[in-house]
Structures are given as structure tokens and as C-alpha cells.
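Text of the file upload.txt, holding compact mmCIF, C-alpha atoms and all ligand atoms:
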```
# COMPACT_ATOMS: atom_id res chain seq x y z
CA MET A 1 -78.94 148.32 173.02
CA LYS A 2 -81.07 151.14 171.63
CA SER A 3 -84.48 150.42 170.18
CA GLU A 4 -83.77 151.72 166.69
CA LYS A 5 -84.58 149.76 163.55
CA ILE A 6 -82.28 150.85 160.76
CA LEU A 7 -82.71 150.28 157.02
CA LEU A 8 -79.65 150.50 154.77
CA LEU A 9 -80.24 150.88 151.03
CA GLY A 10 -77.07 150.06 149.10
CA SER A 11 -75.47 148.00 151.83
CA CYS A 12 -73.17 146.03 149.49
CA GLY A 13 -71.27 149.05 148.16
CA GLN A 14 -67.93 150.40 149.33
CA ILE A 15 -69.40 152.34 152.26
CA GLY A 16 -72.45 150.12 152.79
CA VAL A 17 -70.65 146.93 153.80
CA GLU A 18 -68.58 148.56 156.53
CA LEU A 19 -71.39 150.82 157.71
CA THR A 20 -73.75 147.86 158.01
CA LEU A 21 -71.21 145.95 160.10
CA ALA A 22 -70.46 148.99 162.29
CA LEU A 23 -74.14 149.75 162.91
CA ARG A 24 -74.79 146.08 163.73
CA ALA A 25 -71.97 146.14 166.27
CA GLN A 26 -73.53 149.22 167.85
CA TYR A 27 -77.28 148.61 167.66
CA GLY A 28 -77.47 144.79 167.47
CA ASN A 29 -77.49 142.53 164.40
CA ASP A 30 -81.25 142.30 164.02
CA ALA A 31 -81.73 146.07 164.38
CA VAL A 32 -79.99 146.71 161.06
CA ILE A 33 -81.77 145.59 157.89
CA ALA A 34 -79.33 145.47 154.97
CA THR A 35 -80.55 145.72 151.36
CA ASP A 36 -78.97 146.04 147.93
CA ILE A 37 -79.87 145.50 144.29
CA LYS A 38 -76.89 143.10 144.22
CA GLU A 39 -76.59 139.78 146.02
CA GLU A 40 -75.52 139.85 149.64
CA HIS A 41 -71.85 140.76 150.06
CA PRO A 42 -69.81 137.83 151.47
CA LEU A 43 -68.76 139.90 154.50
CA LEU A 44 -72.39 140.54 155.44
CA LYS A 45 -73.45 136.89 155.24
CA GLY A 46 -74.55 135.59 158.63
CA SER A 47 -74.29 139.00 160.30
CA GLY A 48 -77.99 139.96 160.15
CA PRO A 49 -81.08 140.34 157.94
CA PHE A 50 -80.58 140.99 154.21
CA TYR A 51 -83.09 141.63 151.41
CA GLN A 52 -82.35 142.02 147.71
CA VAL A 53 -84.24 145.21 146.83
CA ASP A 54 -83.91 147.78 144.03
CA VAL A 55 -83.93 151.23 145.64
CA MET A 56 -85.89 152.56 142.64
CA ASP A 57 -88.76 150.19 143.52
CA ILE A 58 -90.24 152.45 146.18
CA ASN A 59 -93.18 150.13 146.81
CA ALA A 60 -90.82 147.32 147.74
CA VAL A 61 -88.91 149.72 150.02
CA LEU A 62 -92.15 150.93 151.62
CA ALA A 63 -93.30 147.35 152.25
CA LEU A 64 -90.01 146.64 154.01
CA VAL A 65 -90.23 149.84 156.07
CA LYS A 66 -93.66 148.79 157.32
CA LYS A 67 -92.83 145.13 157.81
CA GLU A 68 -89.69 145.88 159.83
CA SER A 69 -91.04 148.98 161.66
CA ILE A 70 -88.07 151.02 160.44
CA THR A 71 -87.09 154.15 162.42
CA GLN A 72 -83.96 155.24 160.49
CA ILE A 73 -82.96 155.04 156.82
CA TYR A 74 -79.48 155.26 155.29
CA LEU A 75 -79.70 155.73 151.51
CA LEU A 76 -76.29 154.82 150.08
CA ALA A 77 -77.19 153.62 146.57
CA ALA A 78 -75.73 155.89 143.85
CA LEU A 79 -73.75 156.01 140.62
CA LEU A 80 -70.37 157.71 141.19
CA SER A 81 -68.49 160.35 139.22
CA ALA A 82 -66.78 158.35 136.46
CA THR A 83 -69.81 156.13 135.79
CA GLY A 84 -71.98 159.24 135.85
CA GLU A 85 -69.99 160.87 133.05
CA LYS A 86 -70.51 157.74 130.92
CA MET A 87 -74.28 157.75 131.45
CA PRO A 88 -75.34 161.21 132.60
CA LEU A 89 -79.12 160.86 132.46
CA LYS A 90 -79.13 157.46 134.10
CA ALA A 91 -76.89 158.73 136.92
CA TRP A 92 -79.15 161.74 137.44
CA ASP A 93 -82.23 159.54 137.49
CA ILE A 94 -80.86 156.97 139.93
CA ASN A 95 -79.25 159.50 142.28
CA MET A 96 -82.18 161.93 142.34
CA THR A 97 -85.23 159.68 142.06
CA SER A 98 -84.00 157.43 144.84
CA LEU A 99 -83.40 160.43 147.13
CA LEU A 100 -86.71 162.20 146.44
CA GLN A 101 -88.67 158.98 146.90
CA ILE A 102 -86.95 158.23 150.20
CA LEU A 103 -87.39 161.79 151.50
CA GLU A 104 -91.08 161.63 150.66
CA LEU A 105 -91.51 158.16 152.17
CA SER A 106 -89.66 159.30 155.30
CA VAL A 107 -92.06 162.19 155.90
CA GLN A 108 -95.09 159.96 155.30
CA GLU A 109 -93.85 157.12 157.48
CA LYS A 110 -92.50 159.45 160.20
CA ILE A 111 -88.96 158.12 159.93
CA ALA A 112 -86.96 159.61 162.81
CA LYS A 113 -83.62 160.06 161.00
CA VAL A 114 -82.36 159.81 157.43
CA TYR A 115 -78.76 159.68 156.21
CA TRP A 116 -77.71 160.49 152.65
CA PRO A 117 -74.08 160.90 151.54
CA SER A 118 -72.80 163.87 149.59
CA SER A 119 -69.30 164.35 148.19
CA ILE A 120 -66.45 166.76 147.50
CA ALA A 121 -67.75 166.43 143.91
CA VAL A 122 -70.24 169.21 144.69
CA PHE A 123 -67.31 171.62 144.23
CA GLY A 124 -66.09 172.73 140.81
CA SER A 125 -63.18 174.60 139.26
CA THR A 126 -64.53 177.99 140.43
CA THR A 127 -64.29 176.84 144.09
CA PRO A 128 -61.14 177.75 146.10
CA LYS A 129 -58.99 174.61 145.81
CA GLN A 130 -57.09 174.74 149.10
CA ALA A 131 -58.85 174.32 152.45
CA THR A 132 -62.18 174.58 150.64
CA PRO A 133 -64.60 176.18 153.11
CA GLN A 134 -67.96 174.75 154.13
CA LYS A 135 -69.67 177.76 152.56
CA THR A 136 -68.13 178.82 149.27
CA ILE A 137 -68.73 178.96 145.51
CA VAL A 138 -70.45 175.68 144.60
CA GLU A 139 -70.68 175.10 140.85
CA PRO A 140 -70.38 171.35 140.22
CA GLU A 141 -69.22 170.25 136.77
CA THR A 142 -70.03 166.53 136.74
CA VAL A 143 -73.46 164.93 136.70
CA TYR A 144 -72.55 163.21 139.94
CA GLY A 145 -71.60 166.54 141.53
CA ILE A 146 -74.74 168.24 140.24
CA SER A 147 -76.87 165.41 141.65
CA LYS A 148 -75.11 165.61 145.01
CA TYR A 149 -75.54 169.36 145.35
CA ALA A 150 -79.15 169.24 144.23
CA GLY A 151 -79.64 166.41 146.72
CA GLU A 152 -78.10 168.42 149.56
CA ASN A 153 -80.54 171.20 148.82
CA TRP A 154 -83.46 168.77 148.75
CA CYS A 155 -82.35 167.43 152.14
CA GLN A 156 -82.25 170.97 153.52
CA TYR A 157 -85.68 171.65 152.00
CA TYR A 158 -87.23 168.59 153.65
CA ALA A 159 -85.58 169.48 156.96
CA LYS A 160 -86.93 173.05 156.89
CA ARG A 161 -90.31 172.43 155.32
CA TYR A 162 -91.30 169.13 156.99
CA GLY A 163 -88.96 168.96 159.97
CA LEU A 164 -87.37 165.76 158.61
CA ASP A 165 -84.14 164.97 160.48
CA VAL A 166 -81.95 164.30 157.45
CA ARG A 167 -78.17 164.48 157.77
CA SER A 168 -75.33 164.39 155.26
CA ILE A 169 -71.54 164.47 154.83
CA ARG A 170 -69.42 165.53 151.84
CA TYR A 171 -67.07 162.54 151.78
CA PRO A 172 -63.61 162.89 150.31
CA GLY A 173 -62.19 159.94 148.34
CA LEU A 174 -62.63 156.85 150.52
CA ILE A 175 -60.01 154.13 150.85
CA SER A 176 -60.93 150.68 152.12
CA TRP A 177 -59.89 147.05 151.88
CA LYS A 178 -63.05 145.16 152.95
CA SER A 179 -65.26 146.34 150.12
CA LEU A 180 -64.04 147.84 146.86
CA PRO A 181 -65.17 151.07 145.23
CA GLY A 182 -66.58 151.19 141.72
CA GLY A 183 -66.96 153.97 139.17
CA GLY A 184 -65.27 156.76 141.13
CA THR A 185 -62.40 159.11 140.29
CA THR A 186 -60.68 158.55 143.63
CA ASP A 187 -60.73 154.74 143.18
CA TYR A 188 -57.09 154.79 142.05
CA ALA A 189 -56.10 155.18 145.71
CA VAL A 190 -57.53 151.72 146.41
CA ASP A 191 -56.37 150.04 143.15
CA ILE A 192 -52.80 151.17 143.78
CA TYR A 193 -52.54 149.04 146.96
CA LEU A 194 -54.01 145.97 145.25
CA GLN A 195 -51.64 146.29 142.29
CA ALA A 196 -48.65 147.05 144.52
CA LEU A 197 -49.18 143.72 146.27
CA ALA A 198 -50.10 141.73 143.15
CA GLN A 199 -47.61 143.12 140.59
CA LYS A 200 -45.36 145.66 142.30
CA LYS A 201 -46.36 148.18 139.65
CA TYR A 202 -49.31 150.42 138.90
CA THR A 203 -50.40 152.60 136.00
CA CYS A 204 -52.36 155.51 137.40
CA PHE A 205 -55.25 157.13 135.52
CA LEU A 206 -54.48 160.48 137.18
CA SER A 207 -51.26 162.47 136.72
CA GLU A 208 -48.55 162.41 139.39
CA HIS A 209 -49.28 165.79 141.02
CA THR A 210 -53.08 165.50 141.22
CA TYR A 211 -53.86 166.28 144.85
CA LEU A 212 -57.27 165.20 146.18
CA PRO A 213 -58.83 165.08 149.65
CA MET A 214 -58.91 161.48 150.90
CA MET A 215 -59.97 159.49 153.97
CA TYR A 216 -59.53 155.97 155.34
CA MET A 217 -62.84 154.13 155.61
CA ASP A 218 -62.70 153.67 159.41
CA ASP A 219 -62.73 157.45 159.78
CA ALA A 220 -65.60 157.83 157.30
CA ILE A 221 -67.72 155.25 159.12
CA ARG A 222 -67.01 156.82 162.50
CA ALA A 223 -67.85 160.28 161.10
CA THR A 224 -71.16 158.99 159.77
CA ILE A 225 -72.21 157.41 163.05
CA GLU A 226 -70.99 160.39 165.09
CA LEU A 227 -73.00 162.78 162.93
CA MET A 228 -76.09 160.59 163.16
CA GLU A 229 -75.81 160.40 166.95
CA ALA A 230 -75.13 164.12 167.49
CA PRO A 231 -77.97 166.04 169.17
CA ALA A 232 -80.06 167.70 166.44
CA ALA A 233 -79.83 171.09 168.17
CA GLN A 234 -76.03 171.11 167.62
CA LEU A 235 -76.30 170.86 163.83
CA THR A 236 -76.05 174.31 162.30
CA THR A 237 -76.43 173.25 158.66
CA ARG A 238 -78.78 170.89 156.87
CA LEU A 239 -76.64 170.93 153.78
CA ALA A 240 -73.86 168.31 153.96
CA TYR A 241 -70.85 168.78 156.26
CA ASN A 242 -67.31 169.09 154.90
CA ILE A 243 -65.02 166.53 156.55
CA ALA A 244 -61.28 166.08 156.04
CA ALA A 245 -58.49 163.69 156.93
CA MET A 246 -55.59 163.89 154.44
CA SER A 247 -54.64 165.10 150.98
CA PHE A 248 -52.09 163.45 148.70
CA SER A 249 -51.06 163.00 145.08
CA PRO A 250 -50.51 159.68 143.26
CA LYS A 251 -46.77 160.30 143.59
CA GLU A 252 -47.06 160.67 147.38
CA ILE A 253 -49.20 157.58 147.94
CA ALA A 254 -46.74 155.65 145.74
CA ALA A 255 -43.86 156.89 147.95
CA SER A 256 -45.72 155.76 151.07
CA ILE A 257 -46.13 152.27 149.53
CA GLN A 258 -42.41 152.20 148.64
CA GLN A 259 -41.64 152.50 152.36
CA HIS A 260 -43.06 148.94 152.62
CA ILE A 261 -42.42 147.61 149.08
CA PRO A 262 -39.18 149.31 147.92
CA ASP A 263 -39.30 147.93 144.34
CA PHE A 264 -42.87 149.14 143.70
CA THR A 265 -43.06 151.38 140.61
CA ILE A 266 -45.76 153.70 139.28
CA ASP A 267 -46.35 155.28 135.88
CA TYR A 268 -49.07 157.60 134.66
CA ALA A 269 -51.65 157.42 131.85
CA PRO A 270 -54.27 160.06 132.63
CA ASP A 271 -57.69 159.44 131.07
CA PHE A 272 -61.08 161.24 131.18
CA ARG A 273 -61.03 161.05 134.97
CA GLN A 274 -58.18 163.60 135.07
CA GLN A 275 -60.59 166.34 134.06
CA ILE A 276 -63.02 165.31 136.82
CA ALA A 277 -60.22 165.39 139.42
CA ASP A 278 -58.95 168.75 138.15
CA GLY A 279 -62.33 170.30 138.96
CA TRP A 280 -62.29 169.15 142.60
CA PRO A 281 -60.67 170.67 145.69
CA GLN A 282 -57.20 169.60 146.79
CA SER A 283 -57.91 169.95 150.49
CA ILE A 284 -60.96 170.62 152.66
CA ASP A 285 -61.68 172.85 155.65
CA ASP A 286 -63.85 170.86 158.07
CA SER A 287 -63.95 173.35 160.95
CA LEU A 288 -67.76 173.39 161.05
CA ALA A 289 -67.92 169.61 161.58
CA GLN A 290 -65.25 169.97 164.27
CA LYS A 291 -67.26 172.66 165.99
CA ASP A 292 -70.77 171.18 165.63
CA TRP A 293 -70.10 167.52 166.41
CA ASN A 294 -66.43 167.28 167.43
CA TRP A 295 -65.24 165.66 164.23
CA LYS A 296 -61.57 164.61 164.09
CA ALA A 297 -59.91 162.12 161.74
CA ALA A 298 -57.54 159.49 163.14
CA PHE A 299 -55.76 158.14 160.03
CA ASP A 300 -53.04 159.90 158.05
CA LEU A 301 -51.38 158.56 154.88
CA GLU A 302 -48.63 156.66 156.69
CA LYS A 303 -51.00 154.89 159.09
CA MET A 304 -53.48 154.12 156.30
CA THR A 305 -50.80 152.61 154.02
CA ALA A 306 -49.53 150.34 156.80
CA THR A 307 -53.10 149.22 157.60
CA MET A 308 -54.11 148.71 153.96
CA LEU A 309 -51.01 146.66 153.06
CA GLU A 310 -51.22 144.56 156.20
CA ASN A 311 -54.88 143.65 155.67
CA LEU A 312 -54.76 143.18 151.90
CA SER A 313 -51.78 140.88 152.09
CA LYS A 314 -53.60 138.47 154.44
N1 LIG B 401 -65.20 158.91 145.48
C1 LIG B 401 -66.17 159.60 144.67
C2 LIG B 401 -65.82 159.54 143.24
O1 LIG B 401 -64.66 159.51 142.94
C3 LIG B 401 -66.26 161.04 145.09
O2 LIG B 401 -67.33 161.18 145.95
O3 LIG B 401 -66.67 159.57 142.42
```
Would you give me this structure, written as C-alpha cells?
Amino acid sequence: MKSEKILLLGSCGQIGVELTLALRAQYGNDAVIATDIKEEHPLLKGSGPFYQVDVMDINAVLALVKKESITQIYLLAALLSATGEKMPLKAWDINMTSLLQILELSVQEKIAKVYWPSSIAVFGSTTPKQATPQKTIVEPETVYGISKYAGENWCQYYAKRYGLDVRSIRYPGLISWKSLPGGGTTDYAVDIYLQALAQKKYTCFLSEHTYLPMMYMDDAIRATIELMEAPAAQLTTRLAYNIAAMSFSPKEIAASIQQHIPDFTIDYAPDFRQQIADGWPQSIDDSLAQKDWNWKAAFDLEKMTATMLENLSK
């Protein structure tokens, strides 16, 4: 066991639950302090320390950092793309204030490593849509995307100006069965499995040929831990890394479900989230992550569908 003490802020969200459990398996249960504004997620209960803390209450966070002698912080709390478009100023405030406060606290308290997630939402309709490069035109069009790209730049600023070891990934849409997403544009790719099992039909809020970059949660968690454990000297960017696993449309994920549930049907009723999706890339070039820290995804659509249906039907 390594002598790290890790603080997770937002540990009851879609990424947080699985990342908390994975870090506990790796570093020991008591080495990972989970926190969230919400009550403890059922899957975390009994697995290690949990505190109910609002990430915006920086004094409460600071008290916990001191009390627990924290050496690493993962800041996962955020409002996602669809929620952000409903309340732009609130999304900006939560996403940015939380990050700036944690970056500042981390310098002051000499935190060894910080993790903060970015997203494919940093890209906009002026970005090349296929195999979107690491370095390209970045003109985000949602509040969420603007906050993520501003945040990436703040991370880079703190790394260069103060030597803070802060690391980040631009996640694609994430698909998981242990903890559910909320407020995102890619959430349909989780809902579709739940509805396929419950009702054998699904009405999708994106149109049938809307391709988006996606990833199974196991890959996203492994990517996060691999990036955080990579030697700092190997990291050639302090903006967030592109990572990729698969790209599919609603029609294609529906077809992969029909391999298991032949009478499953899908129809389409695009809403405001269509416009968000239309501004994002369809596939991502992650060659820099491959080169810098050996990133490689393990799940494709077929393997993910089999895993999702098997676990959700239990
Ligand atoms: N999954 C996120 C969303 O749809 C993208 O980072 O908002």
C-alpha cells in the first residue's frame, strides 16, 4: 500500500462512485476519503470514510484536508452539458468557483497531485469532427464546454506558474451501470439499456445518425488512474488529454442491443440536446495519450453492450 491520502469531491456522481471504489481497491479503504453534497451512495456504504460536504464551502473542504492530511485531490463535482444550458450562470459558477478554490487550496496546502475532469464538450462546431486532434480549433458553444476549456487553461496556468501537479482528461460520453449519469447529452447511451430491459422500447432524444465519442466506465476509470500514476516527466501537456474508445450513433447502439433483445425497438424525438450533440466531435484522436502514458481502451460497443445488459438484468 502507498502512503497517499486521497480526497474525492463529488464521489457520489457517475464517475465518483466507481473511481472511489477503484482507488480504495488500490490504495486501501481508509486512504480514500469520499465526499459529496448528496448522501452517501449505497455502493459506497461500508467501503471507507464518507463526509457530506458542499464543494463550494471551501472552508469545510480545507478543514477536511487538514484533518485527514490529504496528499491528493480529485475534484469531480460539476453540472453537465444539458443542465448547464438550463442554468448557464449557475453552471459556470459551480464549475469554475469549485475549480479555482481547489487549485488555490492545493498550492497553499502543498497537495502533491490534483485531478480535474474535462470533456469532449470543449470542442465546438468549428472543430474538425472526425478524429478530432489533441491540438485543434477549440471554440466551445455550451456553458459546460466553456467552463471545461477555461478550467483546462486554469489547470495549465497553475501547473506552469506554481508547479502544481494537476492532471486532466477530456472524457467522451461515459456509460456505466453502477452509478447513473445526470444532466448530460450522452446520457441516452445509458438510458437506452435500462429501457431496453424494462420496456423493450426507447425514445431517444438524439436523432438516429448522431455519432458521438463514447467509452465504457471501466476504461474511463483505468485511464484516470493510469494518468495519475504516470511519471510527471512523461506528460507533455497540462491541458486535458484526448482519450477515445468507440464512436456510435443511437441506431448502432440500438442494433447492438437487438443482438441480445431481438424485439427491442427505438424511435426518435430529438430535443434541445440535439443541438449540443451536433456541436461535438464524432470521433477523437487520442494518439498523445497513447504516446505519453500508454493509453489504450479495452471495451468496444459489442463488449460493452454484453456487459451492460448482463449486469443491469441482475
Ligand atoms: N457526458 C457529458 C455530457 O453529456 C459530456 O462530458 O454532458
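Here atom CA of Gln108 of chain A and atom CA of Asn153 of chain A stand 19.5 Å from one another.
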Can you tell me, as a PDB file with C-alpha atoms, in the coordinates of the input, which residues sit within 10 Å of (-67.3, 165.4, 143.8) in the file's frame, using only C-alpha atoms?
```pdb
ATOM      1  CA  LEU A  80     -70.370 157.710 141.190  1.00  0.00           C
ATOM      2  CA  SER A  81     -68.490 160.350 139.220  1.00  0.00           C
ATOM      3  CA  SER A 118     -72.800 163.870 149.590  1.00  0.00           C
ATOM      4  CA  SER A 119     -69.300 164.350 148.190  1.00  0.00           C
ATOM      5  CA  ILE A 120     -66.450 166.760 147.500  1.00  0.00           C
ATOM      6  CA  ALA A 121     -67.750 166.430 143.910  1.00  0.00           C
ATOM      7  CA  VAL A 122     -70.240 169.210 144.690  1.00  0.00           C
ATOM      8  CA  PHE A 123     -67.310 171.620 144.230  1.00  0.00           C
ATOM      9  CA  GLY A 124     -66.090 172.730 140.810  1.00  0.00           C
ATOM     10  CA  PRO A 140     -70.380 171.350 140.220  1.00  0.00           C
ATOM     11  CA  GLU A 141     -69.220 170.250 136.770  1.00  0.00           C
ATOM     12  CA  THR A 142     -70.030 166.530 136.740  1.00  0.00           C
ATOM     13  CA  VAL A 143     -73.460 164.930 136.700  1.00  0.00           C
ATOM     14  CA  TYR A 144     -72.550 163.210 139.940  1.00  0.00           C
ATOM     15  CA  GLY A 145     -71.600 166.540 141.530  1.00  0.00           C
ATOM     16  CA  ILE A 146     -74.740 168.240 140.240  1.00  0.00           C
ATOM     17  CA  SER A 147     -76.870 165.410 141.650  1.00  0.00           C
ATOM     18  CA  LYS A 148     -75.110 165.610 145.010  1.00  0.00           C
ATOM     19  CA  TYR A 149     -75.540 169.360 145.350  1.00  0.00           C
ATOM     20  CA  ARG A 170     -69.420 165.530 151.840  1.00  0.00           C
ATOM     21  CA  TYR A 171     -67.070 162.540 151.780  1.00  0.00           C
ATOM     22  CA  PRO A 172     -63.610 162.890 150.310  1.00  0.00           C
ATOM     23  CA  GLY A 173     -62.190 159.940 148.340  1.00  0.00           C
ATOM     24  CA  GLY A 184     -65.270 156.760 141.130  1.00  0.00           C
ATOM     25  CA  THR A 185     -62.400 159.110 140.290  1.00  0.00           C
ATOM     26  CA  THR A 186     -60.680 158.550 143.630  1.00  0.00           C
ATOM     27  CA  ILE A 276     -63.020 165.310 136.820  1.00  0.00           C
ATOM     28  CA  ALA A 277     -60.220 165.390 139.420  1.00  0.00           C
ATOM     29  CA  GLY A 279     -62.330 170.300 138.960  1.00  0.00           C
ATOM     30  CA  TRP A 280     -62.290 169.150 142.600  1.00  0.00           C
ATOM     31  CA  PRO A 281     -60.670 170.670 145.690  1.00  0.00           C
TER      32      PRO A 281
END
```
Shell around Met308 of chain A at 10 Å using all atoms listed in the file, local window under 4 positions removed, as a ChimeraX atom specification = /A:175-178,190,193-194,216,257,303-304,312-313
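Of the listed residues A:Thr132, A:Asn95, A:Ser249, A:Thr126, the one whose atoms come nearest to Ser283 of chain A is A:Thr132, with distances taken using all atoms listed in the file.
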Using all atoms of segment 236-240 of chain A listed in the file and a margin of 4 Å per side, can you give the axis-aligned box centre and edge lengths in Å to one decimal, as lines of an AutoDock Vina configuration file?
```
center_x = -76.3
center_y = 171.3
center_z = 158.0
size_x = 12.9
size_y = 14.0
size_z = 16.5
```
Segment 265-272 of chain A: which residues within 9 Å, counting all atoms listed in the file, same-chain residues fewer than 4 positions away excluded, as a PyMOL selection string?
-> chain A and resi 82+192+196+200-208+250-251+254+258+276
Nearest to ligand LIG 401 (chain B) by atom-to-atom distance, counting all atoms listed in the file, from A:Asn294, A:Gln259, A:Ser11, A:Gln275 |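 Nearest candidate to ligand LIG 401 (chain B) out of A:Asn294, A:Gln259, A:Ser11, A:Gln275: A:Gln275.
In terms of minimum interatomic distance to ligand LIG 401 (chain B), A:Pro181 ranks closest within A:Gly16, A:Gly48, A:Pro88, A:Pro181, counting all atoms listed in the file.
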Please provide the set of residues having any atom within 12 Å of Tyr158 of chain A, restricted to all atoms listed in the file, with same-chain residues fewer than 4 positions apart removed, written as a PDB file with C-alpha atoms, keeping the file's coordinate frame.
```
ATOM      1  CA  LEU A  99     -83.400 160.430 147.130  1.00  0.00           C
ATOM      2  CA  LEU A 100     -86.710 162.200 146.440  1.00  0.00           C
ATOM      3  CA  GLN A 101     -88.670 158.980 146.900  1.00  0.00           C
ATOM      4  CA  ILE A 102     -86.950 158.230 150.200  1.00  0.00           C
ATOM      5  CA  LEU A 103     -87.390 161.790 151.500  1.00  0.00           C
ATOM      6  CA  GLU A 104     -91.080 161.630 150.660  1.00  0.00           C
ATOM      7  CA  LEU A 105     -91.510 158.160 152.170  1.00  0.00           C
ATOM      8  CA  SER A 106     -89.660 159.300 155.300  1.00  0.00           C
ATOM      9  CA  VAL A 107     -92.060 162.190 155.900  1.00  0.00           C
ATOM     10  CA  GLN A 108     -95.090 159.960 155.300  1.00  0.00           C
ATOM     11  CA  LYS A 113     -83.620 160.060 161.000  1.00  0.00           C
ATOM     12  CA  VAL A 114     -82.360 159.810 157.430  1.00  0.00           C
ATOM     13  CA  GLY A 151     -79.640 166.410 146.720  1.00  0.00           C
ATOM     14  CA  GLU A 152     -78.100 168.420 149.560  1.00  0.00           C
ATOM     15  CA  ASN A 153     -80.540 171.200 148.820  1.00  0.00           C
ATOM     16  CA  TRP A 154     -83.460 168.770 148.750  1.00  0.00           C
ATOM     17  CA  TYR A 162     -91.300 169.130 156.990  1.00  0.00           C
ATOM     18  CA  GLY A 163     -88.960 168.960 159.970  1.00  0.00           C
ATOM     19  CA  LEU A 164     -87.370 165.760 158.610  1.00  0.00           C
ATOM     20  CA  ASP A 165     -84.140 164.970 160.480  1.00  0.00           C
ATOM     21  CA  VAL A 166     -81.950 164.300 157.450  1.00  0.00           C
ATOM     22  CA  ARG A 167     -78.170 164.480 157.770  1.00  0.00           C
ATOM     23  CA  ARG A 238     -78.780 170.890 156.870  1.00  0.00           C
ATOM     24  CA  LEU A 239     -76.640 170.930 153.780  1.00  0.00           C
TER      25      LEU A 239
END
```
Mind checking which residues fall within 9 Å of Glu302 of chain A, counting all atoms listed in the file, ignoring those fewer than 4 positions away in the same chain, and posting them as a PyMOL selection string?
-> chain A and resi 253+256-257+306-307
With distances taken over all atoms listed in the file, which of A:Trp116, A:Trp295, A:Phe50, A:Tyr188 is nearest to ligand LIG 401 (chain B)?
->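 Under the stated criterion, the closest residue is A:Tyr188.
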Grab the atom CA of Asp57 of chain A to atom CA of Gln26 of chain A distance for me, in Å with one decimal place.
->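 About the pair atom CA of Asp57 of chain A and atom CA of Gln26 of chain A: they are 28.7 Å apart.
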Can you tell me, as a ChimeraX atom specification, what residues are no more than 8 Å from Met228 of chain A when counting only C-alpha atoms, ignoring any on the same chain fewer than 2 positions away?
-> /A:113,115,167,224-226,230
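Going from atom C2 of ligand LIG 401 (chain B) to atom CA of Asp187 of chain A covers 7.0 Å.
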Which is closest to ligand LIG 401 (chain B) among A:Met215, A:Met87, A:Ala150, A:Ala198, if we use only C-alpha atoms and all ligand atoms?
->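 Distance minimum relative to ligand LIG 401 (chain B) lands on A:Met215.
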